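Student: File name coords.cif; file contents mmCIF, C-alpha atoms; full text below.
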```cif
data_protein
loop_
_atom_site.label_atom_id
_atom_site.label_comp_id
_atom_site.auth_asym_id
_atom_site.auth_seq_id
_atom_site.Cartn_x
_atom_site.Cartn_y
_atom_site.Cartn_z
CA MET A 1 44.83 9.45 -22.69
CA TYR A 2 41.74 10.85 -21.01
CA ARG A 3 41.63 14.16 -22.84
CA PHE A 4 38.42 12.97 -24.51
CA LEU A 5 36.65 13.66 -21.20
CA LEU A 6 36.86 17.37 -22.07
CA THR A 7 34.92 16.99 -25.32
CA PRO A 8 31.31 18.33 -25.46
CA ARG A 9 29.96 14.80 -25.84
CA TRP A 10 31.56 13.64 -22.61
CA TRP A 11 30.61 16.81 -20.81
CA GLY A 12 26.99 15.89 -21.56
CA ILE A 13 27.48 12.30 -20.41
CA ASN A 14 29.17 13.36 -17.18
CA VAL A 15 26.50 15.95 -16.34
CA PHE A 16 23.78 13.32 -16.89
CA VAL A 17 25.55 10.85 -14.57
CA VAL A 18 26.17 13.49 -11.88
CA LEU A 19 22.48 14.40 -11.89
CA ALA A 20 21.04 10.89 -12.33
CA LEU A 21 22.92 9.15 -9.51
CA PRO A 22 21.75 11.37 -6.60
CA PHE A 23 18.24 11.52 -8.06
CA CYS A 24 18.00 7.70 -8.19
CA ILE A 25 19.41 7.37 -4.68
CA PHE A 26 16.98 10.00 -3.38
CA MET A 27 13.96 8.33 -4.99
CA GLY A 28 15.03 4.89 -3.77
CA SER A 29 15.47 6.21 -0.22
CA TRP A 30 12.08 7.94 -0.39
CA GLN A 31 10.33 4.74 -1.50
CA LEU A 32 12.11 2.81 1.25
CA GLY A 33 10.93 5.40 3.77
CA ARG A 34 7.35 4.97 2.50
CA PHE A 35 7.62 1.21 3.02
CA GLU A 36 9.01 1.67 6.54
CA ASP A 37 6.17 4.10 7.34
CA ARG A 38 3.62 1.51 6.22
CA VAL A 39 5.31 -1.16 8.37
CA GLN A 40 5.22 1.20 11.36
CA ALA A 41 1.57 2.07 10.68
CA HIS A 42 0.78 -1.65 10.48
CA GLU A 43 2.39 -2.33 13.84
CA SER A 44 0.71 0.69 15.43
CA ALA A 45 -2.68 -0.35 14.03
CA LYS A 46 -2.28 -3.85 15.43
CA GLU A 47 -1.42 -2.44 18.85
CA GLN A 48 -4.34 -0.01 18.66
CA ALA A 49 -6.79 -2.78 17.69
CA ALA A 50 -5.50 -4.99 20.51
CA GLU A 51 -5.88 -2.18 23.05
CA GLN A 52 -9.36 -1.35 21.82
CA ASN A 53 -10.43 -4.99 22.07
CA GLU A 54 -9.13 -5.12 25.65
CA GLU A 55 -11.02 -1.92 26.48
CA ARG A 56 -14.06 -3.38 24.78
CA SER A 57 -13.92 -6.50 26.98
CA ALA A 58 -13.46 -4.43 30.12
CA ALA A 59 -16.29 -2.11 29.16
CA ALA A 60 -18.59 -5.08 28.57
CA LYS A 61 -18.10 -6.07 32.21
CA GLU A 62 -18.52 -2.55 33.59
CA GLY A 63 -21.37 -1.44 31.36
CA ALA A 64 -20.33 -0.67 27.81
CA ALA A 65 -23.26 1.63 27.09
CA ALA A 66 -22.04 4.14 29.67
CA LYS A 67 -18.62 4.46 28.00
CA ALA A 68 -19.79 4.32 24.38
CA ARG A 69 -19.94 7.59 22.45
CA PRO A 70 -22.82 8.58 20.16
CA LEU A 71 -22.39 7.43 16.57
CA ASP A 72 -22.60 10.90 14.97
CA SER A 73 -19.79 12.21 17.19
CA LEU A 74 -17.34 9.68 15.71
CA LEU A 75 -18.13 10.17 12.02
CA PRO A 76 -16.56 10.18 9.53
CA VAL A 77 -14.46 7.17 10.45
CA ASP A 78 -10.69 7.71 10.36
CA LYS A 79 -7.62 6.08 11.89
CA GLU A 80 -8.33 7.75 15.22
CA THR A 81 -12.02 6.83 15.56
CA SER A 82 -11.84 3.38 13.97
CA GLY A 83 -12.39 0.80 16.70
CA GLU A 84 -13.90 3.30 19.14
CA LEU A 85 -16.86 2.13 21.21
CA THR A 86 -20.09 3.69 19.96
CA ARG A 87 -23.82 3.39 20.45
CA ALA A 88 -26.83 3.89 18.20
CA THR A 89 -30.57 3.51 18.65
CA GLY A 90 -33.10 2.33 16.09
CA ARG A 91 -35.01 -0.66 14.78
CA TYR A 92 -33.55 -3.64 13.02
CA GLY A 93 -34.54 -4.15 9.41
CA GLU A 94 -33.14 -6.21 6.54
CA GLN A 95 -30.67 -8.94 7.40
CA MET A 96 -27.79 -10.21 5.24
CA LEU A 97 -24.97 -12.73 5.54
CA VAL A 98 -21.28 -12.09 4.88
CA PRO A 99 -19.69 -15.42 3.88
CA ASP A 100 -16.08 -16.66 4.02
CA ARG A 101 -15.06 -14.89 7.21
CA LYS A 102 -12.59 -16.50 9.59
CA LEU A 103 -12.55 -16.27 13.36
CA ASP A 104 -10.11 -18.19 15.58
CA ASP A 105 -8.81 -19.96 12.44
CA LYS A 106 -12.27 -21.32 11.67
CA SER A 107 -14.30 -20.52 8.57
CA GLY A 108 -17.76 -19.09 8.96
CA PHE A 109 -19.90 -16.06 8.22
CA TYR A 110 -21.07 -12.79 9.72
CA VAL A 111 -24.71 -12.03 10.43
CA LEU A 112 -25.27 -8.42 9.43
CA THR A 113 -28.52 -6.56 10.14
CA LEU A 114 -29.32 -3.00 9.13
CA LEU A 115 -30.34 -0.74 12.00
CA ARG A 116 -32.66 2.06 10.87
CA THR A 117 -31.85 5.03 13.09
CA ASP A 118 -33.94 8.09 13.94
CA SER A 119 -32.04 10.05 11.28
CA GLY A 120 -33.60 7.86 8.61
CA LYS A 121 -30.27 6.29 7.64
CA SER A 122 -29.42 2.66 8.21
CA LEU A 123 -26.34 1.44 10.05
CA PRO A 124 -24.88 -1.97 9.15
CA VAL A 125 -24.50 -3.93 12.41
CA VAL A 126 -22.56 -7.19 12.59
CA ARG A 127 -24.45 -8.99 15.32
CA GLY A 128 -22.06 -11.92 15.44
CA TRP A 129 -20.25 -14.80 13.72
CA LEU A 130 -21.33 -18.38 13.09
CA PRO A 131 -19.22 -21.31 11.84
CA GLY A 132 -19.80 -23.15 8.58
CA ASP A 133 -21.26 -22.09 5.24
CA ALA A 134 -23.52 -19.06 5.06
CA ASN A 135 -27.08 -20.25 5.57
CA THR A 136 -30.09 -18.06 6.24
CA ALA A 137 -31.70 -20.80 8.32
CA LYS A 138 -28.76 -20.73 10.77
CA ALA A 139 -28.87 -16.96 11.34
CA PRO A 140 -30.93 -15.90 14.39
CA ALA A 141 -33.63 -13.32 13.77
CA ALA A 142 -32.96 -9.79 14.98
CA PRO A 143 -34.74 -8.47 18.11
CA LYS A 144 -38.04 -6.66 17.53
CA GLY A 145 -38.82 -3.11 18.58
CA GLU A 146 -36.46 -0.26 19.38
CA VAL A 147 -32.96 -1.32 20.46
CA THR A 148 -29.73 0.43 21.42
CA VAL A 149 -26.65 -1.28 20.02
CA VAL A 150 -23.15 -0.89 21.47
CA GLY A 151 -20.05 -1.92 19.58
CA SER A 152 -16.84 -0.96 17.82
CA LEU A 153 -17.03 1.48 14.95
CA GLN A 154 -15.44 0.27 11.71
CA ALA A 155 -14.71 1.89 8.35
CA SER A 156 -16.28 0.54 5.18
CA GLU A 157 -14.37 -2.39 3.76
CA SER A 158 -12.67 -2.47 0.36
CA PRO A 159 -12.93 -5.68 -1.71
CA GLY A 160 -9.59 -7.42 -2.06
CA SER A 161 -7.94 -5.77 0.96
CA ASN A 162 -7.37 -6.90 4.55
CA GLY A 163 -8.67 -10.37 3.75
CA VAL A 164 -11.97 -9.14 2.29
CA SER A 165 -13.14 -11.29 -0.61
CA ALA A 166 -13.44 -9.62 -4.01
CA ALA A 167 -15.56 -12.43 -5.45
CA GLY A 168 -18.81 -11.44 -7.09
CA GLY A 169 -21.96 -13.31 -8.04
CA LEU A 170 -23.03 -14.06 -4.48
CA PRO A 171 -26.50 -15.46 -3.81
CA LYS A 172 -29.29 -13.09 -2.89
CA GLY A 173 -29.07 -12.01 0.74
CA GLN A 174 -25.26 -12.28 0.86
CA LEU A 175 -22.65 -9.53 0.86
CA GLY A 176 -18.95 -9.71 0.02
CA ALA A 177 -17.69 -6.46 1.57
CA ILE A 178 -19.35 -4.46 4.32
CA SER A 179 -19.57 -1.01 2.77
CA SER A 180 -22.11 1.58 1.74
CA ALA A 181 -20.97 1.13 -1.88
CA SER A 182 -21.89 -2.57 -1.75
CA LEU A 183 -25.23 -1.95 -0.03
CA VAL A 184 -26.44 1.01 -2.09
CA ASN A 185 -27.90 -1.23 -4.80
CA LEU A 186 -29.23 -3.86 -2.41
CA VAL A 187 -31.30 -1.84 0.06
CA PRO A 188 -33.64 1.15 -0.43
CA ASP A 189 -32.34 3.13 2.58
CA ASP A 190 -29.43 5.55 2.76
CA VAL A 191 -26.58 3.73 4.49
CA TYR A 192 -23.89 5.10 6.79
CA ASP A 193 -20.36 4.93 5.40
CA ALA A 194 -19.38 2.86 8.45
CA TRP A 195 -20.48 -0.24 10.34
CA VAL A 196 -20.49 -1.54 13.88
CA THR A 197 -19.53 -4.89 15.34
CA LEU A 198 -21.34 -5.59 18.60
CA ASP A 199 -19.23 -5.80 21.74
CA LYS A 200 -21.24 -8.87 22.72
CA GLY A 201 -22.52 -11.42 20.21
CA ASP A 202 -26.29 -11.40 19.82
CA SER A 203 -28.49 -14.52 20.26
CA GLY A 204 -25.59 -16.79 21.21
CA MET A 205 -23.38 -15.80 18.26
CA LYS A 206 -19.70 -15.07 18.71
CA ALA A 207 -18.71 -11.39 18.77
CA VAL A 208 -16.51 -10.24 15.90
CA PRO A 209 -13.36 -8.42 17.14
CA ALA A 210 -12.61 -4.94 15.82
CA SER A 211 -10.07 -4.91 13.01
CA ALA A 212 -7.28 -2.46 12.23
CA PRO A 213 -8.16 0.68 10.22
CA ASN A 214 -8.01 0.52 6.44
CA ASN A 215 -4.75 1.31 4.64
CA THR A 216 -2.60 0.47 7.65
CA GLY A 217 -1.69 -3.10 6.75
CA LEU A 218 1.15 -4.60 4.74
CA ASP A 219 -0.91 -4.61 1.55
CA LEU A 220 0.04 -4.53 -2.12
CA LYS A 221 0.91 -0.83 -1.96
CA ALA A 222 3.51 -1.47 0.74
CA PHE A 223 5.29 -4.09 -1.34
CA GLN A 224 5.03 -1.86 -4.40
CA ASN A 225 7.04 0.73 -2.45
CA LEU A 226 9.63 -1.93 -1.66
CA GLY A 227 9.77 -2.97 -5.33
CA TYR A 228 10.22 0.63 -6.47
CA THR A 229 13.06 0.99 -3.96
CA GLY A 230 14.92 -1.87 -5.62
CA GLU A 231 14.23 -0.48 -9.11
CA TRP A 232 15.67 2.95 -8.30
CA PHE A 233 18.84 1.51 -6.75
CA VAL A 234 19.28 -0.91 -9.67
CA PHE A 235 18.90 1.99 -12.11
CA ALA A 236 21.57 3.95 -10.21
CA ALA A 237 23.94 0.98 -10.45
CA PHE A 238 23.13 0.61 -14.17
CA VAL A 239 23.95 4.28 -14.86
CA LEU A 240 27.28 3.93 -13.07
CA PHE A 241 28.06 0.66 -14.91
CA MET A 242 27.27 2.16 -18.33
CA TRP A 243 29.39 5.25 -17.58
CA PHE A 244 32.37 3.06 -16.62
CA ARG A 245 31.85 0.87 -19.68
CA LEU A 246 31.78 3.88 -22.05
CA LEU A 247 34.85 5.36 -20.35
CA ARG A 248 36.78 2.12 -20.71
CA ARG A 249 35.81 1.70 -24.37
CA GLU A 250 36.75 5.31 -25.19
CA ALA A 251 40.09 4.95 -23.40
CA GLU A 252 40.87 1.75 -25.32
CA PHE A 253 39.93 3.46 -28.60
CA ALA A 254 42.22 6.41 -27.82
CA ARG A 255 45.07 4.05 -26.92
CA ASP A 256 44.69 2.05 -30.14
CA ALA A 257 44.59 5.24 -32.18
CA ARG A 258 47.75 6.49 -30.51
CA LEU A 259 49.55 3.23 -31.28
CA GLY A 260 48.44 3.35 -34.92
CA LEU A 261 46.27 0.25 -34.62
CA ILE A 262 43.33 2.07 -36.23
CA PRO A 263 43.93 3.11 -39.87
CA GLY A 264 43.77 6.86 -40.38
CA GLN A 265 43.75 7.56 -36.63
CA GLY A 266 46.20 8.54 -33.95
CA GLY A 267 49.63 6.96 -34.55
CA ALA A 268 49.19 6.81 -38.35
CA GLU A 269 48.61 10.55 -38.51
CA GLU A 270 51.60 11.15 -36.23
CA ALA A 271 53.74 8.97 -38.55
CA ASP A 272 52.68 11.05 -41.57
CA VAL A 273 53.65 14.22 -39.75
CA ASP A 274 57.05 12.80 -38.79
CA GLY A 275 57.66 11.71 -42.42
CA SER A 276 56.82 15.18 -43.77
CA GLU A 277 59.20 16.79 -41.33
CA ALA A 278 61.98 14.36 -42.35
CA ARG A 279 61.50 15.11 -46.03
CA ARG A 280 61.70 18.88 -45.41
CA ALA A 281 64.96 18.40 -43.47
CA GLN A 282 66.59 16.47 -46.35
CA ALA A 283 65.61 19.19 -48.79
#
```
Translate the structure described by the file into structure tokens.

Tutor:
Amino acid sequence: MYRFLLTPRWWGINVFVVLALPFCIFMGSWQLGRFEDRVQAHESAKEQAAEQNEERSAAAKEGAAAKARPLDSLLPVDKETSGELTRATGRYGEQMLVPDRKLDDKSGFYVLTLLRTDSGKSLPVVRGWLPGDANTAKAPAAPKGEVTVVGSLQASESPGSNGVSAAGGLPKGQLGAISSASLVNLVPDDVYDAWVTLDKGDSGMKAVPASAPNNTGLDLKAFQNLGYTGEWFVFAAFVLFMWFRLLRREAEFARDARLGLIPGQGGAEEADVDGSEARRAQA
């Protein structure tokens, strides 16, 4: 009944199934592992940010400047240096507002001022947070003269990730994402590919806590991995279902042919052979 499994056609089908099933399972498991890695990275980043904020508070009481490391020693920003306490010296220049930022479940805006360092490059410094709509009149002016800032080092933000707005068309003097790419067309200076949030809010503003490093959150990519996991396992189940369906249909066809239910197939041919043999015996 199942002799058809030895035909070249079914050899090809069986080889495809034998290769496809483990491949789909492997790819599904790999995508699931990627999702689990992102979840673990998210949890680790949250713990790291919390620890750094605690260290930041303790350092503020003991003298943060003494524990802060020079800016250049921490660049470029990566997962290890993000959130580290740093210091930089220079003079404040152009000031901008970053609207639609929440702190303690309240909506407000950041006050960002560019610090022109001795290297000639400018460092974006978030001096603090204020509640309400972004308004230049509300933002305190930056200190005059040479200053040394101390705060947590942060990587450039990406629009649309980690709660950063991707909206465009902001009024002059406002910035959607804190990044060198966003500032390059707004200011004449070269800008560091990093920014700093002060450990202590300036001019009565509330300090902005350090955030987790980029690409460590449960973002769209993480859920894409989870979706791909489901797709690979569904495809494996589909391959197995189609193989079983073809096998069942072929077995039913072979059975019907053997019983003579299909004209010109199986049982009918056997009947013709039996009739020929009977006629030869009578002769």

Student: Evaluated on this file, the PyMOL selection byres ((chain A and resi 88-104) around 6) picks out some residues - which ones are they, written as number ranges by chain?

Tutor: A: 71, 87, 105-117, 134, 145-149, 173-176

Student: Can you write out as a tab-separated table which residues of range 66-117 of chain A fall within 8 Å of range 191-210 of chain A, alongside each residue's closest atom pair and its distance in Å to one decimal, counting all atoms listed in the file and ordering rows by chain and ascending residue number?

Tutor:
```
residue	atom	partner	partner_atom	distance
A:Pro76	CA	A:Asp193	CA	7.7
A:Val77	CA	A:Ala194	CA	6.8
A:Gly83	CA	A:Ala210	CA	5.8
A:Leu103	CA	A:Val208	CA	7.6
```

Student: Counting all atoms listed in the file, what is within 10 Å of range 12-23 of chain A, bar same-chain residues fewer than 3 positions away, as JSON, numbers by chain?

Tutor: {"A": [5, 6, 7, 8, 9, 26, 27, 28, 29, 232, 233, 235, 236, 237, 238, 239, 240, 242, 243, 246]}

Student: Those residues you just picked out, can you put them in a file as an mmCIF file, in the coordinates of the input with C-alpha atoms?

Tutor:
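Writing done, so here's again-v3.cif:
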```cif
data_model
loop_
_atom_site.group_PDB
_atom_site.id
_atom_site.type_symbol
_atom_site.label_atom_id
_atom_site.label_comp_id
_atom_site.auth_asym_id
_atom_site.auth_seq_id
_atom_site.Cartn_x
_atom_site.Cartn_y
_atom_site.Cartn_z
ATOM 1 C CA LEU A 5 36.650 13.660 -21.200
ATOM 2 C CA LEU A 6 36.860 17.370 -22.070
ATOM 3 C CA THR A 7 34.920 16.990 -25.320
ATOM 4 C CA PRO A 8 31.310 18.330 -25.460
ATOM 5 C CA ARG A 9 29.960 14.800 -25.840
ATOM 6 C CA PHE A 26 16.980 10.000 -3.380
ATOM 7 C CA MET A 27 13.960 8.330 -4.990
ATOM 8 C CA GLY A 28 15.030 4.890 -3.770
ATOM 9 C CA SER A 29 15.470 6.210 -0.220
ATOM 10 C CA TRP A 232 15.670 2.950 -8.300
ATOM 11 C CA PHE A 233 18.840 1.510 -6.750
ATOM 12 C CA PHE A 235 18.900 1.990 -12.110
ATOM 13 C CA ALA A 236 21.570 3.950 -10.210
ATOM 14 C CA ALA A 237 23.940 0.980 -10.450
ATOM 15 C CA PHE A 238 23.130 0.610 -14.170
ATOM 16 C CA VAL A 239 23.950 4.280 -14.860
ATOM 17 C CA LEU A 240 27.280 3.930 -13.070
ATOM 18 C CA MET A 242 27.270 2.160 -18.330
ATOM 19 C CA TRP A 243 29.390 5.250 -17.580
ATOM 20 C CA LEU A 246 31.780 3.880 -22.050
#
```

Student: Under the rule that only C-alpha atoms are counted, which of A:Ala222, A:Glu84, A:Arg248, A:Asp256 is the nearest residue to Ala41 in chain A?

Tutor: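 Of A:Ala222, A:Glu84, A:Arg248, A:Asp256, the one nearest Ala41 in chain A, counting only C-alpha atoms, is A:Ala222.
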
Student: Taking 5 positions as the minimum chain separation for residues in the same chain, which residues sit within 10 Å of Phe4 in chain A when counting all atoms listed in the file? Answer as a list in words.

Tutor: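 Close residues of Phe4 in chain A: Arg9, Trp10, Trp11, Leu247, Glu250, Ala251 and Ala254 of chain A.
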
Student: Expressed in Å to a single decimal, how great is the separation between CA of Pro140 in chain A and CA of Gly128 in chain A?

Tutor: 9.8 Å
